[in-house]
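Right, one structure below, let's go through it.
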Amino acid sequence: MPSQPGLTNHVDRIMGLWTTSWIVLLAVGLITWGLMIWAAVAYRRRKGQTGLPVQLRYHMPIEIFFTIVPVILVAGFFAFTARDQAIIEEPIEDPDYSITVYGKRWAWDFVYDREGQEPVHYQSIQVQEEPDSSQLDASTLPTLVLPTNSSIEITLESRDVAHSFWIVEFLYKKDMLPGVTNHMYFETGDQEGILAGKCAELCGEFHSAMLFNVELVSPEEYDAYLESLEQQGFVGPIDETLNTHTGDGNIDPERDESVDTTNEGEGE
């Protein structure tokens, strides 16, 4: 798993679900492979034999067994997945921090709510390539800053087409759909550091470059970062009025920012 236990309050649960699933699947695979090898060896054509060996047909106990067991496995996977998903999707009534993330071809806008004050924001442009190279310039990746030891609500919006918000190490992703508001709820642990984020929904020509970093910092550093955005003048909402999606399934060409040279610059 590309994560660390305790990174969020959901990571351990997801890791447990995946690990248990793979153990069960590996056991099924070993049994299946063993039976296949045994059948190939035990019922191989021996010297002097011709034609096919005696065939076993209409053996009801075996047919029932090979019907019931897969149904039980699928039902079990579904039940445990539904249970964990319901817990992960449970809203946090009064989160410590609220952030709105807008996906746009092919970049991100982050809006940080502040209690009793206007929100501050960070707008990014498409990740750029290094000069004389097809490699992406990591220094141009936008950064979403999150506080540690905090409960967080992230509201997910799309400015144009379908995207998917994925913080890889959180082991969970959520669709960002035009005209639809989705939410993610989680509690961060005490681990600080830089994580990887990306769009996980094919959204056009430069989908593979729709990347971002996530920086986990202390609540004090988080507040200081928001103050730095305010000092730079990045104050106020950047809401759906900037969307290129018109709400009727179409893209407004006059506001389509899918070309990197026309995306708004940082903080603009």
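Letters A, B, ... mark the chains of the structure tokens in the order given; residue numbers begin at 1 per chain; ligand numbers begin at 1, in order shown.
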
Contacts of range 1-45 of chain A with range 151-169 of chain A up to 12 Å, shortest pair per row, only C-alpha atoms, as a tab-separated table:
```
residue	atom	partner	partner_atom	distance
A:Met1	CA	A:Glu169	CA	8.3
A:Pro2	CA	A:Glu169	CA	5.6
A:Ser3	CA	A:Glu169	CA	4.6
A:Gln4	CA	A:Glu169	CA	7.5
A:Pro5	CA	A:Glu169	CA	10.0
A:Gly6	CA	A:Glu169	CA	10.9
A:Leu7	CA	A:Glu169	CA	8.0
A:Thr8	CA	A:Glu169	CA	9.4
A:Asn9	CA	A:Ser151	CA	9.4
A:His10	CA	A:Glu169	CA	11.0
A:Val11	CA	A:Glu169	CA	8.2
A:Asp12	CA	A:Glu169	CA	11.3
A:Ile14	CA	A:Glu169	CA	11.0
A:Met15	CA	A:Glu169	CA	10.8
```

Handout entry: Separation of CA of Val101 in chain A from CA of Ser124 in chain A in Å
Key =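 CA of Val101 in chain A lies 11.4 Å from CA of Ser124 in chain A.
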
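Rounded to one decimal, CA of Leu146 in chain A and CA of Ile194 in chain A lie 10.2 Å from each other.
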
Handout entry: Selected residue of minimal separation from Glu215 in chain A among A:Thr143, A:Ser150, A:Ser228, A:Asn182, counting only C-alpha atoms
Key =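 For Glu215 in chain A, the nearest of the candidates is A:Thr143.
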
Practice task
Compile the contact shell of range 60-71 of chain A as a ChimeraX atom specification: residues with an atom at most 12 Å away, counting only C-alpha atoms, same-chain residues fewer than 3 positions apart removed.
Solution key: /A:24-25,28,32,56-57,74-79

Practice task
From a DSSP calculation on the backbone, collect every residue of range 42-212 of chain A in strand (DSSP E) and output the set as an MDAnalysis selection string.
Solution key: chainID A and resid 97:104 107:114 117:123 143:147 151:158 163:167 172:176 182:187 193:199 211:212

Problem - Nearest residue to Glu230 in chain A from the set A:Leu216, A:Pro119, A:Ile125, A:Phe170 (distances using only C-alpha atoms) - result: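 Ranked by minimum distance to Glu230 in chain A, first place goes to A:Pro119.
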
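Proximity to Glu205 in chain A was assessed for A:Gln135, A:Gln126, A:Pro147, A:Tyr102 counting only C-alpha atoms; the smallest distance is recorded for A:Gln126.
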